[in-house]
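Source file entry-v2.tsv; content: TSV, C-alpha atoms.
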chain	number	residue	atom	x	y	z
M	97	MET	CA	17.22	-18.80	10.72
M	98	ARG	CA	16.73	-15.03	10.53
M	99	ASP	CA	14.05	-13.63	12.84
M	100	ILE	CA	11.90	-10.58	12.06
M	101	ALA	CA	12.41	-9.53	15.69
M	102	GLU	CA	15.93	-8.40	14.76
M	103	LEU	CA	14.56	-5.64	12.53
M	104	PRO	CA	14.16	-2.06	13.79
M	105	PRO	CA	10.72	-1.67	15.43
M	106	TRP	CA	9.27	0.47	12.60
M	107	ASP	CA	10.37	-2.02	9.94
M	108	ARG	CA	9.18	-5.00	11.96
M	109	MET	CA	5.72	-3.45	12.24
M	110	LEU	CA	5.65	-2.54	8.55
M	111	LYS	CA	6.54	-6.07	7.43
M	112	ARG	CA	3.99	-7.64	9.76
M	113	ILE	CA	1.18	-5.43	8.49
M	114	VAL	CA	2.12	-5.91	4.83
M	115	TRP	CA	2.34	-9.70	5.18
M	116	GLU	CA	-0.98	-9.79	7.01
M	117	GLN	CA	-2.59	-7.82	4.18
M	118	LEU	CA	-1.00	-10.07	1.56
M	119	GLY	CA	-2.40	-13.12	3.33
M	120	GLU	CA	-1.44	-16.75	2.78
M	121	ILE	CA	0.21	-17.31	-0.60
M	122	GLU	CA	1.14	-20.86	-1.53
M	123	GLU	CA	2.41	-22.67	-4.61
M	124	LYS	CA	2.64	-19.50	-6.70
M	125	ARG	CA	5.39	-18.09	-8.87
M	126	ILE	CA	6.25	-14.70	-7.36
M	127	LEU	CA	8.38	-11.80	-8.56
M	128	ASP	CA	9.68	-9.36	-5.94
M	129	PHE	CA	10.91	-6.30	-7.85
M	130	GLY	CA	13.06	-3.98	-5.73
M	131	SER	CA	13.51	-6.71	-3.14
M	132	GLY	CA	16.02	-4.90	-0.92
M	133	GLU	CA	17.53	-7.26	1.62
M	134	GLY	CA	15.14	-9.99	0.52
M	135	ILE	CA	13.11	-10.09	3.73
M	136	THR	CA	9.75	-10.40	1.97
M	137	ALA	CA	11.16	-12.62	-0.79
M	138	ASN	CA	12.59	-14.95	1.86
M	139	HIS	CA	9.30	-14.97	3.79
M	140	PHE	CA	7.26	-16.14	0.80
M	141	ALA	CA	9.95	-18.48	-0.57
M	142	ASN	CA	8.99	-20.91	2.18
M	143	LYS	CA	5.89	-22.02	0.22
M	144	ASN	CA	6.37	-20.47	-3.24
M	145	THR	CA	8.79	-20.15	-6.14
M	146	VAL	CA	10.26	-16.67	-5.80
M	147	VAL	CA	12.43	-14.53	-8.07
M	148	ALA	CA	13.85	-11.34	-6.53
M	149	VAL	CA	15.35	-8.40	-8.43
M	150	GLU	CA	17.42	-5.74	-6.64
M	151	PRO	CA	19.92	-3.23	-8.08
M	152	SER	CA	21.81	-2.41	-4.87
M	153	LYS	CA	24.72	-4.69	-4.05
M	154	ASP	CA	24.98	-3.00	-0.66
M	155	MET	CA	21.43	-4.09	0.18
M	156	LEU	CA	22.20	-7.63	-0.93
M	157	SER	CA	25.28	-7.86	1.28
M	158	ASN	CA	22.87	-8.56	4.16
M	159	ARG	CA	20.39	-10.62	2.17
M	160	TRP	CA	17.92	-12.89	3.96
M	161	ASP	CA	18.11	-16.35	2.38
M	162	ASP	CA	16.82	-18.95	4.82
M	163	TYR	CA	14.66	-20.35	2.02
M	164	ASN	CA	15.70	-21.01	-1.54
M	165	TYR	CA	14.82	-18.30	-4.06
M	166	LYS	CA	16.48	-16.83	-7.15
M	167	GLN	CA	18.23	-13.51	-6.57
M	168	ILE	CA	18.98	-11.30	-9.57
M	169	VAL	CA	21.24	-8.26	-9.24
M	170	GLY	CA	20.02	-5.54	-11.58
M	171	ASP	CA	17.38	-2.97	-12.42
M	172	VAL	CA	14.26	-2.90	-14.59
M	173	SER	CA	16.30	-3.92	-17.65
M	174	LYS	CA	16.54	-7.43	-16.17
M	175	LEU	CA	12.79	-7.87	-16.55
M	176	SER	CA	13.19	-8.16	-20.34
M	177	GLU	CA	14.75	-11.59	-19.75
M	178	PHE	CA	11.39	-13.01	-18.67
M	179	GLU	CA	8.61	-14.11	-20.97
M	180	ASN	CA	5.11	-12.64	-20.92
M	181	ASP	CA	2.74	-14.02	-18.25
M	182	SER	CA	5.58	-15.48	-16.17
M	183	PHE	CA	4.28	-14.79	-12.66
M	184	ASP	CA	1.11	-15.38	-10.62
M	185	PHE	CA	1.96	-12.64	-8.12
M	186	ILE	CA	4.21	-9.59	-8.34
M	187	ILE	CA	5.45	-7.51	-5.41
M	188	CYS	CA	6.79	-3.97	-5.85
M	189	HIS	CA	7.25	-2.36	-2.45
M	190	ASN	CA	8.63	1.16	-1.96
M	191	ALA	CA	10.51	1.04	-5.25
M	192	LEU	CA	8.65	3.16	-7.81
M	193	GLU	CA	9.29	6.35	-5.81
M	194	TYR	CA	12.98	6.11	-6.71
M	195	ILE	CA	12.51	5.42	-10.43
M	196	ASP	CA	12.06	8.13	-13.06
M	197	ASP	CA	10.12	6.19	-15.70
M	198	LYS	CA	7.41	4.68	-13.52
M	199	LYS	CA	5.09	4.01	-16.45
M	200	PHE	CA	7.69	1.81	-18.14
M	201	VAL	CA	8.16	-0.24	-14.99
M	202	ILE	CA	4.41	-0.69	-14.50
M	203	ASN	CA	4.01	-1.82	-18.11
M	204	GLU	CA	6.84	-4.33	-17.72
M	205	LEU	CA	5.37	-5.71	-14.48
M	206	CYS	CA	1.97	-6.01	-16.15
M	207	ARG	CA	3.53	-7.83	-19.10
M	208	LEU	CA	5.06	-10.38	-16.75
M	209	LEU	CA	1.89	-10.88	-14.71
M	210	LYS	CA	-0.51	-13.64	-15.71
M	211	VAL	CA	-4.11	-12.74	-16.52
M	212	GLY	CA	-5.96	-12.88	-13.22
M	213	GLY	CA	-2.71	-12.44	-11.33
M	214	THR	CA	-2.13	-9.96	-8.49
M	215	LEU	CA	0.19	-6.96	-8.33
M	216	SER	CA	0.98	-5.65	-4.84
M	217	ILE	CA	2.37	-2.11	-4.70
M	218	LEU	CA	3.48	-0.42	-1.50
M	219	LYS	CA	3.98	3.32	-1.86
M	220	HIS	CA	4.57	6.47	0.15
M	221	ASN	CA	1.50	8.63	0.73
M	222	ARG	CA	2.23	12.35	0.53
M	223	ALA	CA	-0.48	13.35	3.05
M	224	GLY	CA	0.94	10.93	5.61
M	225	ARG	CA	4.41	12.37	5.16
M	226	VAL	CA	3.06	15.89	5.69
M	227	MET	CA	1.48	14.73	8.95
M	228	GLN	CA	4.75	13.12	10.04
M	229	MET	CA	6.77	16.25	9.30
M	230	ALA	CA	4.32	18.58	11.03
M	231	VAL	CA	3.58	16.45	14.11
M	232	LEU	CA	6.41	14.01	14.91
M	233	LEU	CA	9.41	15.76	13.36
M	234	ASP	CA	8.22	19.33	13.93
M	235	ASP	CA	9.57	20.41	10.54
M	236	ILE	CA	7.02	22.92	9.27
M	237	GLY	CA	9.24	23.93	6.36
M	238	LYS	CA	9.38	20.43	4.90
M	239	ALA	CA	5.66	19.96	5.52
M	240	ASN	CA	5.00	23.05	3.43
M	241	ASP	CA	7.43	21.89	0.74
M	242	LEU	CA	5.53	18.61	0.42
M	243	LEU	CA	2.23	20.46	0.23
M	244	ASP	CA	3.75	22.52	-2.58
M	245	GLY	CA	4.41	19.34	-4.54
M	246	LYS	CA	8.13	19.02	-3.88
M	247	ASP	CA	9.87	15.66	-3.48
M	248	GLY	CA	10.50	14.14	-0.09
M	249	VAL	CA	13.87	12.74	0.96
M	250	SER	CA	14.89	9.31	2.22
M	251	SER	CA	18.14	9.20	4.19
M	252	GLN	CA	18.98	5.88	2.54
M	253	PHE	CA	17.66	6.21	-1.02
M	254	GLY	CA	17.52	9.92	-1.80
M	255	ALA	CA	14.60	11.78	-3.39
M	256	ILE	CA	11.13	10.33	-2.85
M	257	ARG	CA	9.30	11.16	-6.09
M	258	TYR	CA	5.66	10.84	-5.04
M	259	TYR	CA	2.92	9.62	-7.37
M	260	GLU	CA	-0.80	9.20	-6.85
M	261	ASP	CA	-2.66	5.90	-6.44
M	262	GLU	CA	-4.85	6.45	-9.49
M	263	GLN	CA	-1.90	6.98	-11.84
M	264	ILE	CA	-1.13	3.28	-12.09
M	265	GLU	CA	-4.39	2.41	-13.84
M	266	LYS	CA	-3.74	5.29	-16.23
M	267	TRP	CA	-0.28	3.94	-17.05
M	268	ASN	CA	-1.66	0.50	-17.88
M	269	LYS	CA	-5.34	-0.09	-18.68
M	270	ARG	CA	-5.11	-3.84	-18.02
M	271	LEU	CA	-4.51	-3.30	-14.31
M	272	LYS	CA	-7.68	-3.02	-12.23
M	273	LEU	CA	-7.43	-1.63	-8.69
M	274	LEU	CA	-9.04	-4.03	-6.22
M	275	GLU	CA	-8.18	-2.62	-2.81
M	276	VAL	CA	-6.21	0.09	-1.03
M	277	PHE	CA	-4.98	-0.30	2.55
M	278	GLY	CA	-3.40	2.33	4.76
M	279	ILE	CA	-0.27	1.44	6.73
M	280	ARG	CA	1.30	3.28	9.68
M	281	THR	CA	-1.54	5.69	10.29
M	282	PHE	CA	-0.58	6.19	13.93
M	283	TRP	CA	2.98	4.89	14.22
M	284	HIS	CA	4.59	7.90	12.53
M	285	LEU	CA	2.77	10.24	14.93
M	286	GLN	CA	3.63	8.33	18.12
M	287	GLN	CA	6.26	10.27	20.09
M	288	ASN	CA	6.89	7.83	22.93
M	289	GLN	CA	9.36	5.75	20.96
M	290	GLU	CA	10.79	3.90	23.96
M	291	LYS	CA	7.88	1.45	23.91
M	292	HIS	CA	7.96	0.77	20.14
M	293	GLY	CA	10.19	-2.29	20.42
M	294	THR	CA	8.12	-4.22	22.95
M	295	GLU	CA	6.09	-7.09	21.58
M	296	GLU	CA	3.04	-6.17	23.67
M	297	TRP	CA	2.95	-2.63	22.25
M	298	GLN	CA	3.61	-3.88	18.71
M	299	ALA	CA	0.72	-6.35	18.96
M	300	GLN	CA	-1.69	-3.68	20.25
M	301	MET	CA	-0.62	-1.11	17.65
M	302	MET	CA	-0.83	-3.64	14.82
M	303	GLN	CA	-4.38	-4.56	15.86
M	304	LEU	CA	-5.34	-0.88	15.82
M	305	GLU	CA	-3.58	-0.24	12.49
M	306	MET	CA	-5.39	-3.18	10.89
M	307	ARG	CA	-8.74	-1.91	12.19
M	308	VAL	CA	-8.37	1.45	10.45
M	309	SER	CA	-6.45	0.33	7.34
M	310	LYS	CA	-9.62	0.26	5.20
M	311	ILE	CA	-11.42	3.24	6.76
M	312	GLU	CA	-11.11	6.13	4.32
M	313	GLU	CA	-10.62	8.92	6.87
M	314	TYR	CA	-7.58	7.16	8.36
M	315	ARG	CA	-6.29	5.74	5.10
M	316	LYS	CA	-5.94	9.28	3.71
M	317	ILE	CA	-3.33	10.19	6.33
M	318	ALA	CA	-1.46	6.87	6.52
M	319	LEU	CA	2.26	7.09	5.78
M	320	PHE	CA	2.00	4.29	3.21
M	321	HIS	CA	-0.66	2.94	0.87
M	322	HIS	CA	-0.78	-0.73	-0.07
M	323	LEU	CA	-2.48	-1.21	-3.43
M	324	PHE	CA	-3.72	-4.49	-4.92
M	325	PHE	CA	-4.30	-4.80	-8.67
M	326	ILE	CA	-5.55	-7.65	-10.84
M	327	LYS	CA	-4.54	-8.05	-14.47
M	328	GLU	CA	-7.58	-8.28	-16.72
Would you kindly transcribe this structure into structure tokens?
Amino acid sequence: MRDIAELPPWDRMLKRIVWEQLGEIEEKRILDFGSGEGITANHFANKNTVVAVEPSKDMLSNRWDDYNYKQIVGDVSKLSEFENDSFDFIICHNALEYIDDKKFVINELCRLLKVGGTLSILKHNRAGRVMQMAVLLDDIGKANDLLDGKDGVSSQFGAIRYYEDEQIEKWNKRLKLLEVFGIRTFWHLQQNQEKHGTEEWQAQMMQLEMRVSKIEEYRKIALFHHLFFIKE
């Protein structure tokens, strides 16, 4: 049985916060688009029927599969194989930033979501990245580039093509934004990284992160935004 404790401290914290915000999901049909190593898909496959879609074979070489779920290797084109209104819940976490035609993907995900169903989108927040560059990484040049509207860079996935929270409702009028949470408001500014891996510190930081995740002043500078939509 894979244990979340084996993840790097930053990823462990991220998953814990995201899962806490998602809450208890049971007996639902879930699509995880851009599922990566399948950590979230595996987590929810314990009590749900899960389909995961991921284009990277390298990511899937270390796939988490303690619980039974369907893994599809491929990109957005694979979504055409599913009928309309196929899923109760759709997860799309840190995936749209690396796709050119974001509107097409959003429209496909909406097509697959049942009326009244939930779409969970995790996305990079430009303001949070500027804070990280200026404070933690001390890279004023990149902070200015981001402020100028340039793309960010992920060491693993390449260019981070930022988009704004409100664009999703513009791309598809049937999606109604219900809630926005901030994630990693303080973590990416914390310079004493030696303590990040301890469970005591993780528990205290998670409690603080959850406290401020819905407070607008802190949400604006969080590294990630977690958006919940309902299909009307």
Inset, instruction - With a distance cut-off of 10 Å and all atoms listed in the file, select the neighbouring residues of Lys174 (chain M), excluding the residue or stretch itself and same-chain residues fewer than 4 positions from it, and output the selection as a list in words. - result: Val149, Glu150, Pro151, Ile168, Val169, Gly170 and Phe178 of chain M
Inset, instruction - Would you mind reading off the distance between CA of Lys198 (chain M) and CA of Ser173 (chain M), one decimal, in Å? - result: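 Between CA of Lys198 (chain M) and CA of Ser173 (chain M) the gap works out to 13.0 Å.
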Legend entry - Counting all atoms listed in the file, the residue of M:Leu205, M:His292, M:Ala137, M:Ile236 that sits nearest Leu103 (chain M): M:His292
Legend entry - For CA of Trp267 (chain M) and CA of Phe183 (chain M), the interatomic separation in Å (one decimal):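 That distance, rounded to one decimal, is 19.8 Å.
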Inset, instruction - May I have the residues within 12 Å of Asn240 (chain M) as number ranges by chain, using all atoms listed in the file and disregarding those fewer than 4 positions away in the same chain? - result: M: 222-223, 225-230, 234-236, 244-248
Please report as a tab-separated table every residue of region 185-215 of chain M lying within 10 Å of region 258-265 of chain M, along with the nearest atom pair and their distance in Å (one decimal), using only C-alpha atoms.
residue	atom	partner	partner_atom	distance
M:Leu192	CA	M:Tyr259	CA	8.6
M:Glu193	CA	M:Tyr258	CA	5.8
M:Tyr194	CA	M:Tyr258	CA	8.9
M:Lys198	CA	M:Ile264	CA	8.8
M:Lys199	CA	M:Ile264	CA	7.6
M:Ile202	CA	M:Ile264	CA	7.2
M:Asn203	CA	M:Ile264	CA	9.4
Using all heavy atoms, give me region 237-249 of chain M from the structure I just pasted, as a PDB file, in the first residue's frame.
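Printed below is out.pdb as written:
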ATOM      1  N   GLY M 237      14.319  39.239 -11.572  1.00  0.00           N
ATOM      2  CA  GLY M 237      14.094  39.253 -13.009  1.00  0.00           C
ATOM      3  C   GLY M 237      12.877  38.453 -13.415  1.00  0.00           C
ATOM      4  O   GLY M 237      12.022  38.935 -14.179  1.00  0.00           O
ATOM      5  N   LYS M 238      12.754  37.236 -12.881  1.00  0.00           N
ATOM      6  CA  LYS M 238      11.600  36.398 -13.220  1.00  0.00           C
ATOM      7  C   LYS M 238      10.316  36.960 -12.620  1.00  0.00           C
ATOM      8  O   LYS M 238       9.243  36.836 -13.217  1.00  0.00           O
ATOM      9  CB  LYS M 238      11.832  34.962 -12.747  1.00  0.00           C
ATOM     10  CG  LYS M 238      12.834  34.204 -13.609  1.00  0.00           C
ATOM     11  CD  LYS M 238      12.943  32.757 -13.205  1.00  0.00           C
ATOM     12  CE  LYS M 238      13.929  32.014 -14.103  1.00  0.00           C
ATOM     13  NZ  LYS M 238      14.080  30.590 -13.697  1.00  0.00           N
ATOM     14  N   ALA M 239      10.419  37.570 -11.445  1.00  0.00           N
ATOM     15  CA  ALA M 239       9.243  38.207 -10.848  1.00  0.00           C
ATOM     16  C   ALA M 239       8.721  39.302 -11.763  1.00  0.00           C
ATOM     17  O   ALA M 239       7.508  39.413 -12.006  1.00  0.00           O
ATOM     18  CB  ALA M 239       9.587  38.770  -9.475  1.00  0.00           C
ATOM     19  N   ASN M 240       9.628  40.096 -12.312  1.00  0.00           N
ATOM     20  CA  ASN M 240       9.228  41.153 -13.237  1.00  0.00           C
ATOM     21  C   ASN M 240       8.677  40.589 -14.540  1.00  0.00           C
ATOM     22  O   ASN M 240       7.726  41.131 -15.102  1.00  0.00           O
ATOM     23  CB  ASN M 240      10.412  42.082 -13.525  1.00  0.00           C
ATOM     24  CG  ASN M 240      10.584  43.159 -12.467  1.00  0.00           C
ATOM     25  OD1 ASN M 240       9.676  43.960 -12.223  1.00  0.00           O
ATOM     26  ND2 ASN M 240      11.733  43.165 -11.818  1.00  0.00           N
ATOM     27  N   ASP M 241       9.264  39.505 -15.025  1.00  0.00           N
ATOM     28  CA  ASP M 241       8.760  38.866 -16.244  1.00  0.00           C
ATOM     29  C   ASP M 241       7.314  38.411 -16.059  1.00  0.00           C
ATOM     30  O   ASP M 241       6.468  38.593 -16.940  1.00  0.00           O
ATOM     31  CB  ASP M 241       9.624  37.663 -16.617  1.00  0.00           C
ATOM     32  CG  ASP M 241      10.965  38.069 -17.212  1.00  0.00           C
ATOM     33  OD1 ASP M 241      11.105  39.242 -17.618  1.00  0.00           O
ATOM     34  OD2 ASP M 241      11.868  37.205 -17.264  1.00  0.00           O
ATOM     35  N   LEU M 242       7.029  37.824 -14.909  1.00  0.00           N
ATOM     36  CA  LEU M 242       5.666  37.364 -14.631  1.00  0.00           C
ATOM     37  C   LEU M 242       4.706  38.543 -14.551  1.00  0.00           C
ATOM     38  O   LEU M 242       3.582  38.482 -15.055  1.00  0.00           O
ATOM     39  CB  LEU M 242       5.633  36.553 -13.336  1.00  0.00           C
ATOM     40  CG  LEU M 242       6.276  35.163 -13.405  1.00  0.00           C
ATOM     41  CD1 LEU M 242       6.460  34.587 -12.011  1.00  0.00           C
ATOM     42  CD2 LEU M 242       5.429  34.211 -14.251  1.00  0.00           C
ATOM     43  N   LEU M 243       5.148  39.615 -13.915  1.00  0.00           N
ATOM     44  CA  LEU M 243       4.318  40.816 -13.832  1.00  0.00           C
ATOM     45  C   LEU M 243       4.058  41.409 -15.218  1.00  0.00           C
ATOM     46  O   LEU M 243       3.018  42.029 -15.456  1.00  0.00           O
ATOM     47  CB  LEU M 243       4.985  41.856 -12.943  1.00  0.00           C
ATOM     48  CG  LEU M 243       4.895  41.620 -11.436  1.00  0.00           C
ATOM     49  CD1 LEU M 243       5.755  42.627 -10.689  1.00  0.00           C
ATOM     50  CD2 LEU M 243       3.458  41.688 -10.953  1.00  0.00           C
ATOM     51  N   ASP M 244       4.986  41.179 -16.138  1.00  0.00           N
ATOM     52  CA  ASP M 244       4.828  41.666 -17.507  1.00  0.00           C
ATOM     53  C   ASP M 244       3.943  40.752 -18.354  1.00  0.00           C
ATOM     54  O   ASP M 244       3.730  41.018 -19.539  1.00  0.00           O
ATOM     55  CB  ASP M 244       6.200  41.802 -18.176  1.00  0.00           C
ATOM     56  CG  ASP M 244       7.023  42.946 -17.598  1.00  0.00           C
ATOM     57  OD1 ASP M 244       6.416  43.874 -17.031  1.00  0.00           O
ATOM     58  OD2 ASP M 244       8.269  42.895 -17.709  1.00  0.00           O
ATOM     59  N   GLY M 245       3.461  39.677 -17.747  1.00  0.00           N
ATOM     60  CA  GLY M 245       2.560  38.775 -18.470  1.00  0.00           C
ATOM     61  C   GLY M 245       3.231  37.610 -19.148  1.00  0.00           C
ATOM     62  O   GLY M 245       2.569  36.854 -19.888  1.00  0.00           O
ATOM     63  N   LYS M 246       4.519  37.405 -18.909  1.00  0.00           N
ATOM     64  CA  LYS M 246       5.215  36.291 -19.542  1.00  0.00           C
ATOM     65  C   LYS M 246       4.894  34.975 -18.830  1.00  0.00           C
ATOM     66  O   LYS M 246       4.451  34.963 -17.690  1.00  0.00           O
ATOM     67  CB  LYS M 246       6.725  36.540 -19.529  1.00  0.00           C
ATOM     68  CG  LYS M 246       7.143  37.739 -20.366  1.00  0.00           C
ATOM     69  CD  LYS M 246       8.648  37.954 -20.328  1.00  0.00           C
ATOM     70  CE  LYS M 246       9.046  39.173 -21.154  1.00  0.00           C
ATOM     71  NZ  LYS M 246      10.515  39.404 -21.117  1.00  0.00           N
ATOM     72  N   ASP M 247       5.113  33.866 -19.547  1.00  0.00           N
ATOM     73  CA  ASP M 247       4.876  32.545 -18.978  1.00  0.00           C
ATOM     74  C   ASP M 247       5.875  32.247 -17.872  1.00  0.00           C
ATOM     75  O   ASP M 247       7.008  32.773 -17.868  1.00  0.00           O
ATOM     76  CB  ASP M 247       5.014  31.453 -20.046  1.00  0.00           C
ATOM     77  CG  ASP M 247       3.932  31.516 -21.108  1.00  0.00           C
ATOM     78  OD1 ASP M 247       2.859  32.086 -20.815  1.00  0.00           O
ATOM     79  OD2 ASP M 247       4.138  30.977 -22.216  1.00  0.00           O
ATOM     80  N   GLY M 248       5.459  31.387 -16.951  1.00  0.00           N
ATOM     81  CA  GLY M 248       6.386  30.835 -15.982  1.00  0.00           C
ATOM     82  C   GLY M 248       7.003  29.573 -16.561  1.00  0.00           C
ATOM     83  O   GLY M 248       6.737  29.192 -17.697  1.00  0.00           O
ATOM     84  N   VAL M 249       7.815  28.896 -15.764  1.00  0.00           N
ATOM     85  CA  VAL M 249       8.478  27.677 -16.228  1.00  0.00           C
ATOM     86  C   VAL M 249       8.432  26.630 -15.124  1.00  0.00           C
ATOM     87  O   VAL M 249       8.757  26.919 -13.964  1.00  0.00           O
ATOM     88  CB  VAL M 249       9.946  27.930 -16.630  1.00  0.00           C
ATOM     89  CG1 VAL M 249      10.617  26.626 -17.052  1.00  0.00           C
ATOM     90  CG2 VAL M 249      10.033  28.945 -17.755  1.00  0.00           C
TER      91      VAL M 249
END
